[in-house]
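Structure below is input.tsv: TSV, C-alpha atoms.
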chain	number	residue	atom	x	y	z
E	225	MET	CA	-35.79	-46.01	17.06
E	226	ASP	CA	-36.63	-49.66	16.32
E	227	ARG	CA	-39.70	-49.24	18.54
E	228	ALA	CA	-41.23	-47.14	15.77
E	229	TRP	CA	-42.08	-50.40	14.02
E	230	LEU	CA	-43.20	-52.23	17.15
E	231	GLN	CA	-45.58	-49.48	18.28
E	232	GLY	CA	-47.16	-49.15	14.84
E	233	ASN	CA	-47.30	-45.35	14.86
E	234	PRO	CA	-47.06	-44.16	11.23
E	235	THR	CA	-45.56	-40.80	12.26
E	236	HIS	CA	-42.80	-42.53	14.21
E	237	GLN	CA	-42.17	-44.83	11.25
E	238	GLU	CA	-41.76	-41.77	9.02
E	239	TRP	CA	-39.19	-40.40	11.48
E	240	PHE	CA	-37.32	-43.71	11.30
E	241	LYS	CA	-37.28	-43.56	7.49
E	242	HIS	CA	-36.26	-39.89	7.59
E	243	ILE	CA	-33.24	-40.74	9.75
E	244	GLY	CA	-32.50	-43.82	7.62
E	245	ARG	CA	-32.33	-41.61	4.52
E	246	GLY	CA	-29.69	-39.50	6.26
E	247	GLY	CA	-32.00	-36.84	7.65
E	248	ASN	CA	-31.70	-35.35	11.10
E	249	ILE	CA	-34.47	-36.05	13.61
E	250	ARG	CA	-34.67	-32.29	14.14
E	251	THR	CA	-36.02	-31.89	10.60
E	252	ALA	CA	-38.42	-34.83	10.69
E	253	PRO	CA	-42.02	-33.84	9.96
E	254	GLY	CA	-44.54	-33.92	12.78
E	255	LEU	CA	-42.23	-33.69	15.79
E	256	PRO	CA	-44.27	-32.72	18.87
E	257	ILE	CA	-41.61	-30.22	20.02
E	258	PRO	CA	-38.55	-28.57	18.52
E	259	LEU	CA	-35.31	-30.33	19.38
E	260	THR	CA	-31.94	-28.68	19.85
E	261	LYS	CA	-28.88	-30.33	18.31
E	262	LYS	CA	-27.97	-31.67	21.73
E	263	MET	CA	-31.48	-33.07	22.31
E	264	ALA	CA	-31.45	-34.74	18.89
E	265	HIS	CA	-28.05	-36.30	19.63
E	266	HIS	CA	-29.24	-37.72	22.96
E	267	PHE	CA	-32.58	-38.81	21.48
E	268	LEU	CA	-30.70	-41.24	19.25
E	269	GLU	CA	-28.84	-42.63	22.28
E	270	ALA	CA	-31.96	-43.48	24.30
E	271	PRO	CA	-32.15	-47.04	25.67
E	272	GLN	CA	-33.86	-49.61	23.44
E	273	ASP	CA	-36.64	-50.20	25.97
E	274	TYR	CA	-37.75	-46.55	25.80
E	275	SER	CA	-40.80	-45.63	23.72
E	276	ILE	CA	-40.25	-42.99	21.04
E	277	GLU	CA	-41.92	-40.38	23.26
E	278	ALA	CA	-39.74	-41.39	26.20
E	279	ALA	CA	-36.68	-41.14	23.92
E	280	ILE	CA	-37.61	-37.51	23.18
E	281	LEU	CA	-37.81	-36.94	26.94
E	282	TRP	CA	-34.44	-38.73	27.33
E	283	GLY	CA	-32.96	-36.30	24.83
E	284	GLN	CA	-34.35	-33.31	26.69
E	285	VAL	CA	-33.21	-34.54	30.11
E	286	HIS	CA	-29.68	-35.33	28.95
E	287	ALA	CA	-29.36	-32.09	26.98
E	288	LEU	CA	-30.15	-30.26	30.23
E	289	GLY	CA	-27.23	-32.03	31.90
E	290	SER	CA	-29.14	-34.63	33.87
E	291	ASP	CA	-28.92	-38.40	33.76
E	292	ARG	CA	-30.71	-41.71	33.35
E	293	ARG	CA	-31.98	-41.60	36.93
E	294	LEU	CA	-34.15	-38.57	36.14
E	295	ALA	CA	-35.14	-39.85	32.69
E	296	ASP	CA	-36.22	-43.20	34.17
E	297	ALA	CA	-38.27	-41.46	36.87
E	298	LEU	CA	-39.97	-39.24	34.27
E	299	ARG	CA	-40.67	-41.82	31.59
E	300	GLU	CA	-43.81	-43.10	33.34
E	301	THR	CA	-45.21	-39.61	33.93
E	302	ARG	CA	-47.38	-37.40	31.74
E	303	LEU	CA	-44.25	-35.64	30.52
E	304	ALA	CA	-43.40	-38.71	28.44
E	305	GLN	CA	-46.77	-38.63	26.68
E	306	ASP	CA	-47.93	-35.02	26.59
E	307	PHE	CA	-45.79	-32.49	24.77
E	308	HIS	CA	-48.04	-29.42	24.78
E	309	ASP	CA	-46.85	-26.20	26.45
E	310	ASN	CA	-43.21	-27.00	25.74
E	311	ASP	CA	-41.83	-23.84	27.38
E	312	PHE	CA	-43.44	-24.78	30.70
E	313	ARG	CA	-42.43	-28.41	30.22
E	314	LEU	CA	-38.79	-27.36	29.79
E	315	SER	CA	-39.00	-25.20	32.92
E	316	VAL	CA	-40.12	-28.28	34.88
E	317	LEU	CA	-37.31	-30.38	33.40
E	318	ARG	CA	-34.76	-27.64	34.20
E	319	PHE	CA	-36.02	-27.46	37.79
E	320	LEU	CA	-35.74	-31.23	38.23
E	321	ALA	CA	-32.35	-31.41	36.49
E	322	SER	CA	-31.00	-28.65	38.74
E	323	ASN	CA	-32.02	-30.62	41.85
E	324	PRO	CA	-30.17	-33.93	41.43
E	325	MET	CA	-30.53	-34.85	45.10
E	326	LEU	CA	-34.32	-35.09	44.75
E	327	ASP	CA	-35.48	-38.64	45.47
E	328	PRO	CA	-36.72	-40.14	42.16
E	329	VAL	CA	-39.71	-41.58	44.05
E	330	GLN	CA	-40.95	-38.01	44.54
E	331	ILE	CA	-40.83	-37.08	40.86
E	332	GLY	CA	-44.08	-38.80	39.82
E	333	PRO	CA	-46.13	-37.15	42.59
E	334	ILE	CA	-44.53	-33.77	41.81
E	335	ILE	CA	-45.50	-34.05	38.14
E	336	ASP	CA	-49.04	-35.15	39.10
E	337	TYR	CA	-49.39	-32.15	41.45
E	338	ILE	CA	-48.08	-29.67	38.88
E	339	TRP	CA	-50.38	-31.09	36.21
E	340	HIS	CA	-53.37	-30.95	38.54
E	341	GLU	CA	-52.73	-27.34	39.55
E	342	LYS	CA	-51.94	-26.00	36.08
E	343	TYR	CA	-54.17	-27.99	33.73
E	344	GLU	CA	-57.01	-29.89	35.42
E	345	ASN	CA	-60.39	-28.25	35.86
E	346	GLN	CA	-61.59	-27.99	39.44
E	347	ILE	CA	-65.19	-29.04	40.08
E	348	VAL	CA	-66.63	-27.25	43.11
E	349	PHE	CA	-70.00	-27.96	44.71
E	350	VAL	CA	-71.62	-24.56	45.22
E	351	SER	CA	-74.88	-25.85	46.65
E	352	ARG	CA	-76.63	-29.14	47.19
E	353	GLY	CA	-76.44	-31.05	43.92
E	354	VAL	CA	-74.97	-28.13	41.99
E	355	ALA	CA	-71.40	-28.37	40.75
E	356	GLU	CA	-69.45	-25.63	39.06
E	357	ASP	CA	-66.41	-25.97	36.81
E	358	ARG	CA	-63.88	-23.41	37.99
E	359	GLY	CA	-61.02	-24.22	35.65
E	360	PRO	CA	-57.50	-25.07	36.82
E	361	ALA	CA	-56.52	-23.99	40.34
E	362	GLN	CA	-53.32	-22.28	39.15
E	363	PRO	CA	-53.34	-21.86	35.35
E	364	ASN	CA	-50.26	-19.62	35.63
E	365	PHE	CA	-48.38	-22.10	37.82
E	366	SER	CA	-44.64	-21.55	37.72
E	367	LEU	CA	-41.66	-23.09	39.46
E	368	ARG	CA	-39.91	-19.72	39.62
E	369	GLY	CA	-38.90	-18.97	43.20
E	370	ARG	CA	-39.89	-22.41	44.49
E	371	THR	CA	-37.56	-24.74	46.31
E	372	VAL	CA	-37.72	-28.52	46.35
E	373	ALA	CA	-38.74	-28.37	50.02
E	374	SER	CA	-41.61	-25.94	49.39
E	375	LEU	CA	-42.80	-27.94	46.38
E	376	LEU	CA	-42.74	-31.19	48.37
E	377	ARG	CA	-44.80	-29.53	51.13
E	378	GLN	CA	-47.37	-28.49	48.54
E	379	VAL	CA	-47.45	-32.00	47.07
E	380	GLU	CA	-47.94	-33.48	50.54
E	381	ALA	CA	-50.78	-31.06	51.36
E	382	TRP	CA	-52.43	-31.86	48.01
E	383	HIS	CA	-52.19	-35.61	48.69
E	384	ARG	CA	-53.75	-35.12	52.14
E	385	GLN	CA	-56.60	-33.19	50.52
E	386	LEU	CA	-57.09	-35.95	47.94
E	387	GLY	CA	-57.24	-38.47	50.78
E	388	ARG	CA	-59.91	-36.44	52.57
E	389	GLU	CA	-61.93	-36.11	49.37
E	390	SER	CA	-61.80	-39.84	48.64
E	391	LYS	CA	-62.86	-40.67	52.21
E	392	ALA	CA	-65.79	-38.26	51.93
E	393	LYS	CA	-66.95	-40.04	48.76
E	394	ASP	CA	-67.08	-43.34	50.65
E	395	ILE	CA	-69.66	-42.03	53.12
E	396	ALA	CA	-73.20	-43.02	52.16
E	397	TRP	CA	-76.45	-42.42	54.05
Can the structure in the file be given as structure tokens, please?
Amino acid sequence: MDRAWLQGNPTHQEWFKHIGRGGNIRTAPGLPIPLTKKMAHHFLEAPQDYSIEAAILWGQVHALGSDRRLADALRETRLAQDFHDNDFRLSVLRFLASNPMLDPVQIGPIIDYIWHEKYENQIVFVSRGVAEDRGPAQPNFSLRGRTVASLLRQVEAWHRQLGRESKAKDIAW
């Protein structure tokens, strides 16, 4: 929690003072997501080098029964900065926590793929010089029924497509 003062975020500083006055982090004003008792307990045990947002993620990951390996892999992803759509976010964390054999190197690309499919607008060229915003590719994206192997295949196919798109941008006449 000491990072609240180093990062200069007034909301985080209020959380620090709230805890210092004997309050529970769960009742601190302005939390981005609701915390269970278990999440709040683990939040306070986050490593000192974690940002406040990453400490919230640490609390979630550990409350779901996972470990530092997963928390460390996730702390540099969007999940450590963006807390909207908490129900979906928790489903992603549950999926990752229930697959402990997943190589941590794959976690960042998986999160990027999921974010791209569920939240990022797709720009499609419909005719020469005319682009159309089609919204996210899969706004109802869910991990239900997916396996790690199938998800990794989708991530790999998406990366290949990104590679083709970036090569096409390099061509100039």
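Distances here use only C-alpha atoms; by that measure, the residue among E:Arg377, E:Arg293, E:His265, E:His236 closest to E:Ala252 is E:His236.
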Using 4 Å of padding on each side, determine the axis-aligned box around all atoms of stretch 302-320 of chain E present in the file and give its centre and edge lengths in Å to one decimal, as AutoDock Vina command-line options.
--center_x -41.4 --center_y -31.3 --center_z 31.5 --size_x 21.3 --size_y 22.9 --size_z 21.5
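Of the listed residues E:Gln346, E:Thr251, E:Gln284, E:Ser374, the one whose atoms come nearest to E:Glu238 is E:Thr251, with distances taken using all atoms listed in the file.
Of the listed residues (E:Pro234, E:Pro363, E:Pro258, E:Pro324), E:Pro363 comes nearest to E:Tyr343; the distances count only C-alpha atoms.
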Atom pair atom CA of E:Ala304 / atom CA of E:Arg370: separation (Å): 23.1 Å
Pick from E:Ile347, E:Ala373, E:Leu367, E:Ala355, whichever lies nearest to E:Ser315 using all atoms listed in the file: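 Nearest to E:Ser315: E:Leu367.
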Near-E:Ser275 list (10 Å; only C-alpha atoms; drop same-chain fewer than 3 positions) as a PyMOL selection string: chain E and resi 225-228+230-231+270-272+278-281+299+304-305
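Minimum atom-to-atom distance to E:Thr301, evaluated using all atoms listed in the file, belongs to E:Gln330 out of E:Gln330, E:Thr260, E:Asn323, E:Gln362.
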Point-to-point distance from atom CA of E:Leu375 to atom CA of E:Gly283, Å rounded to tenths: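 Computing it gives 25.1 Å between the two atoms.
Taking atom CA of E:Gly359 and atom CA of E:Gly254 as endpoints, the distance between them is 29.8 Å.
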Top pick for closest residue to E:Arg313, considering E:Val350, E:Ser366, E:Phe240, E:Glu300 and counting only C-alpha atoms: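 Result for the nearest residue to E:Arg313: E:Ser366.
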Can you pull out the residues contacting E:Ala287? Cut-off 7 Å, using all atoms listed in the file, and skip same-chain residues under 6 positions away; I want them as a short mmCIF file (atom, residue, chain, number, x, y, z; two decimals) with C-alpha atoms, keeping the file's coordinate frame.
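The result, stored in around-v2.cif:
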data_model
loop_
_atom_site.label_atom_id
_atom_site.label_comp_id
_atom_site.auth_asym_id
_atom_site.auth_seq_id
_atom_site.Cartn_x
_atom_site.Cartn_y
_atom_site.Cartn_z
CA LYS E 262 -27.97 -31.67 21.73
CA MET E 263 -31.48 -33.07 22.31
CA HIS E 266 -29.24 -37.72 22.96
#
Near-E:Asn248 list (8 Å; only C-alpha atoms; drop same-chain fewer than 5 positions) as JSON, numbers by chain: {"E": [242, 243, 264]}
Contact residues around E:Asp291 with all atoms listed in the file at 10 Å, ignoring same-chain residues under 6 positions, as a PyMOL selection string: chain E and resi 282+285+321+324
For stretch 354-389 of chain E, supply N, CA and C atoms and report the output as an mmCIF file, in the frame of the given file.
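Ended up saving to out.cif:
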data_model
loop_
_atom_site.group_PDB
_atom_site.id
_atom_site.type_symbol
_atom_site.label_atom_id
_atom_site.label_comp_id
_atom_site.auth_asym_id
_atom_site.auth_seq_id
_atom_site.Cartn_x
_atom_site.Cartn_y
_atom_site.Cartn_z
ATOM 1 N N VAL E 354 -75.382 -29.036 43.065
ATOM 2 C CA VAL E 354 -74.970 -28.130 41.990
ATOM 3 C C VAL E 354 -73.443 -28.008 41.983
ATOM 4 N N ALA E 355 -72.855 -28.441 40.890
ATOM 5 C CA ALA E 355 -71.400 -28.370 40.750
ATOM 6 C C ALA E 355 -71.043 -27.307 39.715
ATOM 7 N N GLU E 356 -69.915 -26.685 39.951
ATOM 8 C CA GLU E 356 -69.450 -25.630 39.060
ATOM 9 C C GLU E 356 -68.013 -25.927 38.629
ATOM 10 N N ASP E 357 -67.765 -25.767 37.336
ATOM 11 C CA ASP E 357 -66.410 -25.970 36.810
ATOM 12 C C ASP E 357 -65.668 -24.648 36.940
ATOM 13 N N ARG E 358 -64.617 -24.643 37.734
ATOM 14 C CA ARG E 358 -63.880 -23.410 37.990
ATOM 15 C C ARG E 358 -62.564 -23.310 37.233
ATOM 16 N N GLY E 359 -62.288 -24.253 36.371
ATOM 17 C CA GLY E 359 -61.020 -24.220 35.650
ATOM 18 C C GLY E 359 -59.878 -24.669 36.541
ATOM 19 N N PRO E 360 -58.662 -24.651 36.025
ATOM 20 C CA PRO E 360 -57.500 -25.070 36.820
ATOM 21 C C PRO E 360 -57.283 -24.165 38.029
ATOM 22 N N ALA E 361 -56.768 -24.747 39.109
ATOM 23 C CA ALA E 361 -56.520 -23.990 40.340
ATOM 24 C C ALA E 361 -55.468 -22.904 40.110
ATOM 25 N N GLN E 362 -54.408 -23.232 39.392
ATOM 26 C CA GLN E 362 -53.320 -22.280 39.150
ATOM 27 C C GLN E 362 -52.894 -22.342 37.672
ATOM 28 N N PRO E 363 -53.686 -21.762 36.777
ATOM 29 C CA PRO E 363 -53.340 -21.860 35.350
ATOM 30 C C PRO E 363 -52.010 -21.187 35.009
ATOM 31 N N ASN E 364 -51.545 -20.292 35.860
ATOM 32 C CA ASN E 364 -50.260 -19.620 35.630
ATOM 33 C C ASN E 364 -49.161 -20.207 36.521
ATOM 34 N N PHE E 365 -49.339 -21.444 36.944
ATOM 35 C CA PHE E 365 -48.380 -22.100 37.820
ATOM 36 C C PHE E 365 -46.971 -21.981 37.250
ATOM 37 N N SER E 366 -46.039 -21.677 38.121
ATOM 38 C CA SER E 366 -44.640 -21.550 37.720
ATOM 39 C C SER E 366 -43.761 -22.108 38.834
ATOM 40 N N LEU E 367 -42.613 -22.593 38.466
ATOM 41 C CA LEU E 367 -41.660 -23.090 39.460
ATOM 42 C C LEU E 367 -40.685 -21.996 39.885
ATOM 43 N N ARG E 368 -40.798 -20.841 39.283
ATOM 44 C CA ARG E 368 -39.910 -19.720 39.620
ATOM 45 C C ARG E 368 -40.044 -19.379 41.102
ATOM 46 N N GLY E 369 -38.919 -19.333 41.787
ATOM 47 C CA GLY E 369 -38.900 -18.970 43.200
ATOM 48 C C GLY E 369 -39.220 -20.117 44.149
ATOM 49 N N ARG E 370 -39.568 -21.271 43.625
ATOM 50 C CA ARG E 370 -39.890 -22.410 44.490
ATOM 51 C C ARG E 370 -38.628 -23.214 44.774
ATOM 52 N N THR E 371 -38.631 -23.817 45.948
ATOM 53 C CA THR E 371 -37.560 -24.740 46.310
ATOM 54 C C THR E 371 -38.133 -26.147 46.287
ATOM 55 N N VAL E 372 -37.252 -27.133 46.292
ATOM 56 C CA VAL E 372 -37.720 -28.520 46.350
ATOM 57 C C VAL E 372 -38.531 -28.727 47.625
ATOM 58 N N ALA E 373 -38.047 -28.185 48.742
ATOM 59 C CA ALA E 373 -38.740 -28.370 50.020
ATOM 60 C C ALA E 373 -40.142 -27.766 49.976
ATOM 61 N N SER E 374 -40.283 -26.558 49.440
ATOM 62 C CA SER E 374 -41.610 -25.940 49.390
ATOM 63 C C SER E 374 -42.531 -26.710 48.448
ATOM 64 N N LEU E 375 -41.997 -27.173 47.324
ATOM 65 C CA LEU E 375 -42.800 -27.940 46.380
ATOM 66 C C LEU E 375 -43.249 -29.261 47.000
ATOM 67 N N LEU E 376 -42.361 -29.934 47.721
ATOM 68 C CA LEU E 376 -42.740 -31.190 48.370
ATOM 69 C C LEU E 376 -43.799 -30.971 49.446
ATOM 70 N N ARG E 377 -43.745 -29.843 50.154
ATOM 71 C CA ARG E 377 -44.800 -29.530 51.130
ATOM 72 C C ARG E 377 -46.144 -29.351 50.432
ATOM 73 N N GLN E 378 -46.137 -28.682 49.291
ATOM 74 C CA GLN E 378 -47.370 -28.490 48.540
ATOM 75 C C GLN E 378 -47.918 -29.814 48.017
ATOM 76 N N VAL E 379 -47.039 -30.673 47.546
ATOM 77 C CA VAL E 379 -47.450 -32.000 47.070
ATOM 78 C C VAL E 379 -48.067 -32.795 48.210
ATOM 79 N N GLU E 380 -47.431 -32.749 49.376
ATOM 80 C CA GLU E 380 -47.940 -33.480 50.540
ATOM 81 C C GLU E 380 -49.312 -32.955 50.959
ATOM 82 N N ALA E 381 -49.484 -31.645 50.993
ATOM 83 C CA ALA E 381 -50.780 -31.060 51.360
ATOM 84 C C ALA E 381 -51.849 -31.456 50.336
ATOM 85 N N TRP E 382 -51.498 -31.459 49.068
ATOM 86 C CA TRP E 382 -52.430 -31.860 48.010
ATOM 87 C C TRP E 382 -52.830 -33.319 48.181
ATOM 88 N N HIS E 383 -51.870 -34.190 48.483
ATOM 89 C CA HIS E 383 -52.190 -35.610 48.690
ATOM 90 C C HIS E 383 -53.099 -35.797 49.901
ATOM 91 N N ARG E 384 -52.854 -35.039 50.975
ATOM 92 C CA ARG E 384 -53.750 -35.120 52.140
ATOM 93 C C ARG E 384 -55.167 -34.717 51.748
ATOM 94 N N GLN E 385 -55.286 -33.642 50.969
ATOM 95 C CA GLN E 385 -56.600 -33.190 50.520
ATOM 96 C C GLN E 385 -57.275 -34.248 49.648
ATOM 97 N N LEU E 386 -56.526 -34.872 48.762
ATOM 98 C CA LEU E 386 -57.090 -35.950 47.940
ATOM 99 C C LEU E 386 -57.584 -37.093 48.809
ATOM 100 N N GLY E 387 -56.828 -37.417 49.852
ATOM 101 C CA GLY E 387 -57.240 -38.470 50.780
ATOM 102 C C GLY E 387 -58.534 -38.130 51.480
ATOM 103 N N ARG E 388 -58.668 -36.871 51.918
ATOM 104 C CA ARG E 388 -59.910 -36.440 52.570
ATOM 105 C C ARG E 388 -61.083 -36.500 51.601
ATOM 106 N N GLU E 389 -60.857 -36.086 50.365
ATOM 107 C CA GLU E 389 -61.930 -36.110 49.370
ATOM 108 C C GLU E 389 -62.364 -37.529 49.052
#
